[in-house]
>>> print(open('entry-v5.csv').read())   # CSV, C-alpha atoms
chain,number,residue,atom,x,y,z
A,1373,MET,CA,16.6,3.2,-86.9
A,1374,ALA,CA,19.1,4.4,-89.4
A,1375,GLU,CA,19.9,8.1,-89.4
A,1376,THR,CA,18.7,8.6,-92.9
A,1377,ASP,CA,15.3,7.1,-92.0
A,1378,VAL,CA,15.0,9.5,-89.0
A,1379,ARG,CA,16.1,12.4,-91.1
A,1380,LYS,CA,13.4,11.5,-93.6
A,1381,GLN,CA,10.9,11.3,-90.7
A,1382,ILE,CA,11.9,14.8,-89.5
A,1383,LYS,CA,11.6,16.2,-93.1
A,1384,ASP,CA,8.2,14.7,-93.5
A,1385,TYR,CA,7.1,15.9,-90.1
A,1386,VAL,CA,8.3,19.5,-90.8
A,1387,GLN,CA,6.5,19.4,-94.1
A,1388,THR,CA,3.3,18.4,-92.3
A,1389,MET,CA,3.7,21.3,-89.9
A,1390,HIS,CA,4.2,23.7,-92.9
A,1391,GLU,CA,1.0,22.4,-94.4
A,1392,GLN,CA,-0.9,22.8,-91.1
A,1393,GLY,CA,0.5,26.3,-90.8
A,1394,ILE,CA,2.2,25.5,-87.5
A,1395,LEU,CA,5.7,26.3,-88.7
A,1396,ASP,CA,6.7,28.4,-91.7
A,1397,HIS,CA,9.8,28.3,-93.9
A,1398,ASN,CA,11.9,30.2,-91.3
A,1399,PHE,CA,12.3,26.9,-89.4
A,1400,GLU,CA,14.5,25.8,-92.4
A,1401,ASN,CA,17.0,28.5,-91.2
A,1402,VAL,CA,17.3,26.7,-87.9
A,1403,GLN,CA,17.8,23.4,-89.7
A,1404,ASN,CA,20.4,24.8,-92.1
A,1405,LEU,CA,22.5,26.0,-89.2
A,1406,GLN,CA,23.0,22.5,-87.9
A,1407,GLY,CA,26.1,20.8,-89.3
A,1408,GLU,CA,29.4,19.4,-88.4
A,1409,GLU,CA,30.4,22.5,-86.4
A,1410,ASN,CA,27.0,22.7,-84.7
A,1411,PRO,CA,25.7,19.2,-84.5
A,1412,HIS,CA,23.1,19.9,-81.8
A,1413,PHE,CA,21.9,23.2,-83.1
A,1414,VAL,CA,18.3,22.3,-83.7
A,1415,LEU,CA,17.9,20.6,-80.3
A,1416,ASP,CA,19.6,23.6,-78.6
A,1417,ILE,CA,17.5,26.2,-80.3
A,1418,ILE,CA,14.2,24.4,-79.6
A,1419,ASP,CA,15.2,24.1,-75.9
A,1420,ILE,CA,16.2,27.8,-75.6
A,1421,PHE,CA,13.2,29.0,-77.5
A,1422,CYS,CA,10.7,26.9,-75.5
A,1423,ARG,CA,12.2,27.9,-72.2
A,1424,ASP,CA,12.4,31.6,-72.9
A,1425,ALA,CA,8.9,31.7,-74.5
A,1426,GLU,CA,7.4,30.0,-71.4
A,1427,ILE,CA,9.0,32.6,-69.1
A,1428,CYS,CA,7.8,35.4,-71.4
A,1429,ILE,CA,4.2,34.1,-71.5
A,1430,GLU,CA,4.2,33.6,-67.8
A,1431,ASP,CA,5.3,37.3,-67.3
A,1432,MET,CA,2.8,38.4,-69.9
A,1433,THR,CA,0.0,36.5,-68.0
A,1434,LYS,CA,1.0,38.1,-64.7
A,1435,SER,CA,1.0,41.5,-66.3
A,1436,VAL,CA,-2.5,41.3,-67.9
A,1437,ASP,CA,-3.9,39.8,-64.6
A,1438,GLU,CA,-2.9,42.9,-62.7
A,1439,PRO,CA,-5.8,45.1,-61.5
A,1440,VAL,CA,-4.3,47.9,-63.6
A,1441,VAL,CA,-2.6,46.6,-66.7
A,1442,ASP,CA,0.7,48.2,-67.7
A,1443,TYR,CA,0.2,48.0,-71.4
A,1444,ALA,CA,3.7,49.2,-72.2
A,1445,LYS,CA,5.1,46.3,-70.2
A,1446,VAL,CA,2.9,43.9,-72.0
A,1447,THR,CA,4.0,45.3,-75.3
A,1448,GLY,CA,7.6,44.7,-74.3
A,1449,PHE,CA,6.8,41.0,-73.8
A,1450,ILE,CA,5.0,40.9,-77.1
A,1451,HIS,CA,8.1,42.2,-78.9
A,1452,LEU,CA,10.3,39.5,-77.3
A,1453,LEU,CA,7.9,36.6,-78.0
A,1454,LYS,CA,7.0,37.7,-81.5
A,1455,GLY,CA,10.7,38.2,-82.5
A,1456,SER,CA,11.7,34.9,-81.1
A,1457,SER,CA,8.8,33.0,-82.6
A,1458,SER,CA,9.3,34.5,-86.0
A,1459,SER,CA,13.0,33.5,-85.9
A,1460,VAL,CA,12.1,29.8,-85.5
A,1461,GLY,CA,9.1,29.8,-87.8
A,1462,GLY,CA,6.4,29.8,-85.2
A,1463,CYS,CA,4.0,31.7,-87.4
A,1464,ARG,CA,0.8,31.1,-85.4
A,1465,ILE,CA,2.4,32.5,-82.3
A,1466,VAL,CA,3.4,35.5,-84.4
A,1467,LEU,CA,-0.2,36.0,-85.5
A,1468,ALA,CA,-1.4,35.6,-81.9
A,1469,CYS,CA,1.1,38.2,-80.8
A,1470,ARG,CA,-0.3,40.7,-83.4
A,1471,GLU,CA,-3.7,40.2,-81.9
A,1472,LEU,CA,-2.4,40.9,-78.4
A,1473,ARG,CA,-0.7,44.0,-79.7
A,1474,LYS,CA,-4.1,45.2,-81.1
A,1475,ALA,CA,-5.6,44.4,-77.7
A,1476,THR,CA,-3.0,46.5,-75.9
A,1477,GLU,CA,-3.6,49.4,-78.3
A,1478,SER,CA,-7.3,49.3,-77.4
A,1479,LYS,CA,-6.3,49.2,-73.7
A,1480,THR,CA,-9.0,46.6,-73.0
A,1481,LYS,CA,-8.1,44.3,-70.2
A,1482,GLU,CA,-10.6,41.6,-71.2
A,1483,ARG,CA,-9.3,41.5,-74.8
A,1484,CYS,CA,-5.7,41.3,-73.6
A,1485,VAL,CA,-6.6,38.3,-71.3
A,1486,GLU,CA,-8.3,36.5,-74.2
A,1487,ALA,CA,-5.4,37.3,-76.5
A,1488,VAL,CA,-2.8,36.0,-74.0
A,1489,ASN,CA,-4.9,32.8,-73.6
A,1490,ASN,CA,-4.8,32.4,-77.4
A,1491,ILE,CA,-1.0,32.9,-77.4
A,1492,LYS,CA,-0.7,30.1,-74.8
A,1493,ARG,CA,-2.8,27.7,-77.0
A,1494,GLU,CA,-0.7,28.5,-80.0
A,1495,PHE,CA,2.6,28.2,-78.1
A,1496,PHE,CA,1.6,24.8,-76.7
A,1497,THR,CA,0.8,23.6,-80.2
A,1498,VAL,CA,4.2,24.8,-81.5
A,1499,ARG,CA,6.0,23.6,-78.5
A,1500,ASP,CA,4.6,20.1,-78.7
A,1501,ASN,CA,5.5,19.8,-82.4
A,1502,LEU,CA,9.0,21.2,-81.8
A,1503,ASN,CA,9.5,18.7,-79.0
A,1504,ALA,CA,8.5,15.9,-81.4
A,1505,ILE,CA,11.3,17.1,-83.7
A,1506,ALA,CA,13.7,17.3,-80.8
A,1507,LYS,CA,12.8,13.8,-79.8
A,1508,MET,CA,13.7,12.6,-83.3
A,1509,GLU,CA,16.9,14.6,-83.3
A,1510,ARG,CA,17.8,13.1,-79.9
A,1511,SER,CA,17.2,9.6,-81.2
A,1512,ILE,CA,19.9,10.3,-83.8
A,1513,ARG,CA,22.3,11.5,-81.1
A,1514,THR,CA,21.5,8.4,-79.0
A,1515,ASP,CA,22.2,6.1,-82.0
A,1516,ASP,CA,25.5,7.9,-82.6
A,1517,ALA,CA,26.5,7.5,-79.0
A,1518,MET,CA,25.6,3.8,-79.1
A,1519,THR,CA,27.6,3.3,-82.3
A,1520,GLY,CA,30.6,4.9,-80.6
A,1521,ILE,CA,30.3,2.4,-77.7
A,1522,PHE,CA,30.1,-0.8,-79.8
B,20,MET,CA,21.6,21.1,-74.4
B,21,ALA,CA,23.2,24.4,-75.1
B,22,SER,CA,26.3,25.0,-73.2
B,23,ASP,CA,27.4,28.3,-71.9
B,24,THR,CA,30.5,28.2,-74.0
B,25,ASP,CA,28.3,28.0,-77.1
B,26,TYR,CA,25.6,30.4,-76.2
B,27,ASP,CA,25.0,33.0,-73.6
B,28,SER,CA,23.4,31.9,-70.4
B,29,ASP,CA,21.1,34.8,-69.6
B,30,GLY,CA,17.4,34.3,-70.0
B,31,MET,CA,14.9,36.8,-71.1
B,32,ARG,CA,13.7,37.6,-67.6
B,33,GLY,CA,16.0,39.5,-65.4
B,34,ASN,CA,18.4,42.3,-66.1
B,35,GLY,CA,18.6,41.6,-69.8
B,36,ASP,CA,22.1,43.0,-69.7
B,37,GLY,CA,23.5,40.3,-71.9
B,38,GLY,CA,26.9,41.0,-70.5
B,39,LEU,CA,29.7,42.2,-72.6
B,40,SER,CA,30.6,40.7,-76.0
B,41,GLU,CA,29.5,37.1,-76.2
B,42,GLY,CA,30.7,36.4,-79.6
B,43,ASN,CA,33.5,34.1,-80.0
B,44,GLY,CA,34.8,35.7,-83.2
B,45,ARG,CA,35.4,32.3,-84.6
B,46,ARG,CA,35.1,31.7,-88.3
B,47,ARG,CA,33.0,28.8,-89.7
B,48,LYS,CA,35.2,26.3,-91.7
B,49,HIS,CA,32.8,26.0,-94.6
B,50,PRO,CA,30.6,29.1,-94.8
B,51,PHE,CA,27.7,29.2,-97.3
B,52,MET,CA,29.3,32.3,-98.9
B,53,THR,CA,32.8,33.8,-99.1
B,54,TRP,CA,33.7,37.4,-99.4
B,55,ARG,CA,36.6,39.3,-100.9
B,56,ASN,CA,37.2,41.0,-97.6
B,57,ASN,CA,37.0,39.9,-94.0
B,58,LEU,CA,33.6,41.0,-92.8
B,59,ARG,CA,32.8,41.6,-89.1
B,60,ALA,CA,29.3,42.2,-87.7
B,61,LEU,CA,28.0,43.1,-84.3
B,62,VAL,CA,24.6,41.8,-83.3
B,63,VAL,CA,22.7,43.7,-80.6
B,64,ASP,CA,19.5,41.9,-79.5
B,65,ASN,CA,18.1,41.2,-76.1
B,66,ALA,CA,16.0,38.3,-77.3
B,67,ARG,CA,18.2,35.2,-76.9
B,68,THR,CA,16.7,33.1,-79.6
B,69,CYS,CA,16.9,36.0,-82.0
B,70,ARG,CA,20.5,36.8,-81.1
B,71,ILE,CA,21.6,33.2,-81.6
B,72,MET,CA,19.8,32.9,-84.9
B,73,GLU,CA,21.0,36.3,-86.2
B,74,SER,CA,24.6,35.5,-85.2
B,75,GLY,CA,24.4,31.9,-86.5
B,76,LEU,CA,23.1,33.0,-89.9
B,77,LEU,CA,25.7,35.7,-90.3
B,78,ASP,CA,28.4,33.2,-89.2
B,79,ALA,CA,27.0,30.7,-91.7
B,80,TYR,CA,27.4,33.2,-94.4
B,81,GLY,CA,31.0,33.9,-93.7
B,82,VAL,CA,30.8,36.8,-91.4
B,83,GLU,CA,32.8,37.1,-88.1
B,84,VAL,CA,30.3,37.9,-85.5
B,85,GLU,CA,30.2,39.3,-82.0
B,86,ALA,CA,26.8,39.4,-80.2
B,87,VAL,CA,25.6,41.3,-77.2
B,88,GLY,CA,22.2,41.7,-75.5
B,89,THR,CA,22.2,45.4,-74.6
B,90,GLY,CA,22.9,48.7,-76.2
B,91,GLU,CA,25.2,49.5,-73.3
B,92,ALA,CA,27.3,46.4,-74.1
B,93,ALA,CA,27.4,47.4,-77.8
B,94,VAL,CA,28.6,50.9,-77.0
B,95,GLU,CA,31.2,49.6,-74.5
B,96,LEU,CA,32.5,47.1,-77.1
B,97,ILE,CA,32.9,49.8,-79.8
B,98,ALA,CA,34.5,52.2,-77.3
B,99,SER,CA,37.1,49.5,-76.5
B,100,GLY,CA,38.3,49.8,-80.1
B,101,GLU,CA,36.4,46.9,-81.8
B,102,THR,CA,35.5,47.7,-85.3
B,103,PHE,CA,32.6,46.3,-87.4
B,104,ASP,CA,31.5,46.5,-91.0
B,105,LEU,CA,27.9,45.9,-90.0
B,106,ILE,CA,25.8,46.4,-86.9
B,107,VAL,CA,22.5,44.6,-86.5
B,108,LEU,CA,20.5,46.5,-83.9
B,109,GLU,CA,17.2,45.6,-82.3
B,110,MET,CA,14.9,48.6,-81.7
B,111,PHE,CA,13.3,47.5,-78.5
B,112,LEU,CA,16.3,47.0,-76.2
B,113,PRO,CA,15.8,47.4,-72.5
B,114,PHE,CA,17.4,50.4,-70.7
B,115,MET,CA,19.3,52.0,-73.7
B,116,SER,CA,16.9,51.6,-76.6
B,117,GLY,CA,17.8,50.8,-80.1
B,118,PRO,CA,17.5,54.4,-81.3
B,119,GLU,CA,19.5,55.7,-78.3
B,120,THR,CA,22.2,53.1,-79.1
B,121,ALA,CA,22.3,54.1,-82.7
B,122,ARG,CA,22.5,57.8,-81.8
B,123,THR,CA,25.4,57.1,-79.4
B,124,ILE,CA,27.3,55.0,-81.9
B,125,ARG,CA,27.0,57.6,-84.6
B,126,GLU,CA,28.1,60.3,-82.1
B,127,MET,CA,31.2,58.2,-81.5
B,128,GLY,CA,32.0,58.7,-85.2
B,129,ILE,CA,31.1,55.2,-86.3
B,130,SER,CA,30.0,55.2,-89.9
B,131,CYS,CA,29.5,51.6,-90.7
B,132,LYS,CA,26.2,50.2,-91.9
B,133,ILE,CA,23.6,49.8,-89.2
B,134,LEU,CA,20.6,47.7,-89.8
B,135,GLY,CA,17.8,48.4,-87.4
B,136,ILE,CA,15.5,45.4,-86.8
B,137,ALA,CA,12.2,45.1,-84.9
B,138,PRO,CA,9.7,42.4,-84.3
B,139,MET,CA,6.9,44.3,-86.1
B,140,TYR,CA,7.0,47.0,-88.7
B,141,CYS,CA,5.5,50.4,-87.7
B,142,GLU,CA,6.0,53.5,-89.7
B,143,LYS,CA,6.5,55.7,-86.7
B,144,ASP,CA,9.1,53.4,-85.2
B,145,ALA,CA,10.9,53.2,-88.5
B,146,GLN,CA,11.1,57.0,-88.8
B,147,GLU,CA,12.4,57.3,-85.3
B,148,PHE,CA,15.0,54.7,-85.8
B,149,LEU,CA,16.2,56.1,-89.1
B,150,ALA,CA,16.4,59.6,-87.6
B,151,ALA,CA,18.6,58.1,-84.9
B,152,GLY,CA,21.1,57.0,-87.5
B,153,ILE,CA,20.4,53.5,-88.8
B,154,ASP,CA,20.7,52.9,-92.5
B,155,GLU,CA,17.8,50.5,-93.0
B,156,PHE,CA,14.8,49.3,-90.9
B,157,LEU,CA,13.9,45.6,-91.2
B,158,GLU,CA,11.2,43.5,-89.7
B,159,LYS,CA,12.3,40.3,-88.1
B,160,PRO,CA,13.0,37.6,-88.7
B,161,PHE,CA,16.5,38.5,-89.9
B,162,THR,CA,17.0,36.1,-92.8
B,163,PRO,CA,19.7,35.6,-95.5
B,164,GLU,CA,17.3,37.1,-98.1
B,165,LEU,CA,17.4,40.3,-96.1
B,166,PHE,CA,21.0,40.6,-95.2
B,167,ILE,CA,23.0,39.1,-98.1
B,168,PRO,CA,22.4,42.2,-100.4
B,169,PHE,CA,23.8,44.4,-97.6
B,170,LEU,CA,26.8,42.2,-97.2
B,171,MET,CA,27.5,42.3,-100.9
B,172,GLU,CA,27.3,46.1,-100.8
B,173,ILE,CA,29.7,46.3,-97.9
B,174,ASP,CA,32.1,43.8,-99.4
B,175,ASN,CA,32.1,45.8,-102.7
B,176,GLN,CA,32.8,49.1,-101.0
B,177,LYS,CA,35.7,47.9,-98.8
>>> encode(input="entry-v5.csv", output="structure tokens")
Amino acid sequence: MAETDVRKQIKDYVQTMHEQGILDHNFENVQNLQGEENPHFVLDIIDIFCRDAEICIEDMTKSVDEPVVDYAKVTGFIHLLKGSSSSVGGCRIVLACRELRKATESKTKERCVEAVNNIKREFFTVRDNLNAIAKMERSIRTDDAMTGIF
Amino acid sequence: MASDTDYDSDGMRGNGDGGLSEGNGRRRKHPFMTWRNNLRALVVDNARTCRIMESGLLDAYGVEVEAVGTGEAAVELIASGETFDLIVLEMFLPFMSGPETARTIREMGISCKILGIAPMYCEKDAQEFLAAGIDEFLEKPFTPELFIPFLMEIDNQK
């Protein structure tokens, strides 16, 4: 498929994610940073964000599952995840992080566990959609490589 | 896939030390904005995605950027003689916090603009960070709409 067609597909897909509230306009900053000097930026950031977010959520889960929850530690993970998510436009993860922050302030373990589960759900949604964009980006890279061969 | 030469290789888990300066100091060929003066910025953020986005955006807008993941690395870089027009400093750094880093930098006699950033706004945190010596407290994400006015101010004052 021609690059212009895939670019249109990506644009339409991102627009749909905006309309569904899965990504906000900050994802445009990620896209705007891709260019001649950084041709793989979108792919790279999606990869880095998803890997780091998974680790953070894993650590968060372990912390809230402890018999005695270290709420300060959980708050540290919230800061990391909220900051990263907001940078790539993951607004629903941001909202879910706010809920967990409130849960840590109430120092209620059950609320924290529920809030972490909600973060996971929102992350999986964002991750799946970002991976769909990554797949489209990768198809452009593959086409470029094939053009180079022939 | 990101290569280590393009981005740092440390993950969020672990020592979070971010190592020494990771910035490459390179200048983008076709920045979105140009300035009368050469502008240099130091980004201090332990969250890898944030650090890459903050550095990337400043670079895209014509600023030469160095980026580190800890307050200790920032202080070490400045102590080595590196000078910056702008420091973007995360509040919740591991070990040496954002406020401690700001205080140390100011005690070193550094008077450049320091923008404190944090994942969520809290009045108490803002007051603490401002008292430590930052010039402004901003909630993430760090976007062009937020930083361009500061760059213009810095460029006009140089």
>>> residues_around(input="entry-v5.csv", residues="Thr1447 of chain A", least_positions_apart="4", cutoff="7 Å", atoms="only C-alpha atoms", output="ChimeraX atom specification")
/A:1443,1451,1473
>>> atom_distance(input="entry-v5.csv", atom1="atom CA of Gly135 of chain B", atom2="atom CA of Leu108 of chain B")
4.8 Å
>>> residues_around(input="entry-v5.csv", residues="Thr123 of chain B", least_positions_apart="5", cutoff="10 Å", atoms="all atoms listed in the file", output="VMD selection string")
chain B and resid 90 to 91 94 115 117 to 118 128 to 129 151 to 152
>>> residues_around(input="entry-v5.csv", residues="Met1508 of chain A", least_positions_apart="6", cutoff="10 Å", atoms="all atoms listed in the file", output="PyMOL selection string")
chain A and resi 1375+1378-1379+1381-1382+1415+1502+1514
>>> closest_residue(input="entry-v5.csv", among="B:Pro113, B:Gly81, B:Gly88, B:Pro160", to="chain A", atoms="only C-alpha atoms")
B:Pro160
>>> interface_residues(input="entry-v5.csv", of="chain A", to="chain B", cutoff="6 Å", atoms="all atoms listed in the file", output="PyMOL selection string")
chain A and resi 1416+1421+1451-1452+1455-1456+1458-1459
>>> residues_around(input="entry-v5.csv", residues="Val1402 of chain A", least_positions_apart="4", cutoff="8 Å", atoms="all atoms listed in the file", output="VMD selection string")
(chain A and resid 1398 1406 1413 to 1414 1417 1460) or (chain B and resid 72)
>>> write_last_selection(input="entry-v5.csv", atoms="C-alpha atoms", output="mmCIF file, in the coordinates of the input")
data_model
loop_
_atom_site.group_PDB
_atom_site.id
_atom_site.type_symbol
_atom_site.label_atom_id
_atom_site.label_comp_id
_atom_site.auth_asym_id
_atom_site.auth_seq_id
_atom_site.Cartn_x
_atom_site.Cartn_y
_atom_site.Cartn_z
ATOM 1 C CA ASN A 1398 11.900 30.200 -91.300
ATOM 2 C CA GLN A 1406 23.000 22.500 -87.900
ATOM 3 C CA PHE A 1413 21.900 23.200 -83.100
ATOM 4 C CA VAL A 1414 18.300 22.300 -83.700
ATOM 5 C CA ILE A 1417 17.500 26.200 -80.300
ATOM 6 C CA VAL A 1460 12.100 29.800 -85.500
ATOM 7 C CA MET B 72 19.800 32.900 -84.900
#
>>> atom_distance(input="entry-v5.csv", atom1="atom CA of Cys1422 of chain A", atom2="atom CA of Glu1486 of chain A")
21.3 Å
>>> atom_distance(input="entry-v5.csv", atom1="atom CA of Pro168 of chain B", atom2="atom CA of Arg1470 of chain A")
28.4 Å
>>> closest_residue(input="entry-v5.csv", among="B:Met52, B:Leu157, B:Leu149, B:Val84", to="Glu101 of chain B", atoms="only C-alpha atoms")
B:Val84
>>> residues_around(input="entry-v5.csv", residues="segment 1392-1394 of chain A", least_positions_apart="3", cutoff="7 Å", atoms="only C-alpha atoms", output="number ranges by chain")
A: 1388-1389, 1462-1464, 1498
